[in-house]
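Notes to accompany the following structure.
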Amino acid sequence: TRQAAASPSPHRRVGVGSSRARAMRLAARPGRSRAAASLLLLTLGCFFARARGDFHRGDLIASSRRAQFHGQRTQWHDLLARHCPSFGEDRVVAIALPKPLELKDTDDYKLALAFDHDRHLTGWLTLIDEKSRATIEAHVAAVAERRRRAHAKKVSQKHIDKSSFDVERDFDKHPPYVPMVHVRFSRGEGGVINNVDAKVVPVAQTYVRTHRQLVREFHNNTVWPKHVLIRYTWDTQLEVDEDTGVATTLLVFACAFFVASFAAGRGAR
C-alpha cells in the first residue's frame, strides 16, 4: 500500500504533461500572432513606401540652366516657376537668354538644363552656330530669288540681291529656321522621373507665324535677350519592377501567414 501510494499513477503523469503542453501552446499563441501582425505591417510599409512617388500630377519640377559660349561657361541659374515643367503635363514655355558680355557674332551659343535638383542633366544643346547662321543666309537668298523671279517682268530682269530681303514682310510670309528645345521626360507609374532626353528641333512653321517677334529677335544679332522655346512632353514607362515584385510576394506571404496563424489560434481555442 505504501509503495502504491508513493508511486504516482501513470494516468496522473499524462494529465500533468498534457496540461503543461496546453499551457505552453496557449502562451505561444499570442507571440505567433504578434509576429505575424508585425511581419504584415512591415511588409505593408515597405510596399506602400515603394509605391509612393516623389511627384503628383501638376507638381512643379525645380529646373535650372547654364550657357556656354566663347570658351566659357556660366553658373547654374534657377528658372522661374512659370518656366519649369509640371509633372505629367505637356507644355511649351519661352525662356529669356541674357546677352553674354563677351559674345561675338561668330561664337556658338549652347544651353544646358538640369531638373529635379540636378538629378537629371541634359547635354549641351547648340542654339546658335555656324550651321544656323548659314541656314538663315540660305533662307534669305532663297526668298530673294523667289522675289526676283516674281518681279522679273516688272524690273526688266534687274538682279535683286540679299539686301532686298524685307524683314517685316518676308519673315512673316516665309518664316526662317528657329530652334526649339524639346525635352522628353520618361516617368514611372509611381510619380518618379526615370529619364530625361533633350534635343534641338526646328520650330513648326505655323507656330513661328504666330510668334513673329521671336523670329525677328532671334535673327537680329543686336537684339538681346533672345527667347528660346522649350517644349516639355511626358511618356509613361510600363515596365516590370523587380523590387515591386518582391514586395508584392512578401505581402502575399505575410497575409497568408497571418490568416493561417489566426485560423490555427481559433481552432486550438
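Every chain in the C-alpha cells takes a letter, A first, then B, and so on in the order presented; its residues are numbered from 1, and the ligands are numbered from 1 following the presented order.
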
Pick out the residues sitting within 10 Å of Thr74 (chain A), and hand them over as number ranges by chain; count only C-alpha atoms, and ignore anything fewer than 6 positions along from it in its own chain. A: 65-68, 100, 111

Find the spatial neighbours of Thr236 (chain A), counting only C-alpha atoms, within a cut-off of 10 Å - ignore same-chain residues fewer than 2 positions away - and output them as a ChimeraX atom specification. /A:88,185-189,191,193-194,234,238-239

Tell me, as a PyMOL selection string, which residues lie within 12 Å of region 82-87 of chain A, counting only C-alpha atoms; anything in the same chain fewer than 4 positions away does not count. chain A and resi 53-65+78+91-96+113-117+182-193+196+227-236

Any idea what's packed within 6 Å of Phe69 (chain A), counting only C-alpha atoms, ignoring anything in its chain fewer than 3 positions away? Could you give it as a ChimeraX atom specification? /A:72,108-109

Can you list every residue in region 168-236 of chain A that DSSP puts in strand (DSSP E or B), as a PyMOL selection string? chain A and resi 179-187+193-202+226-236
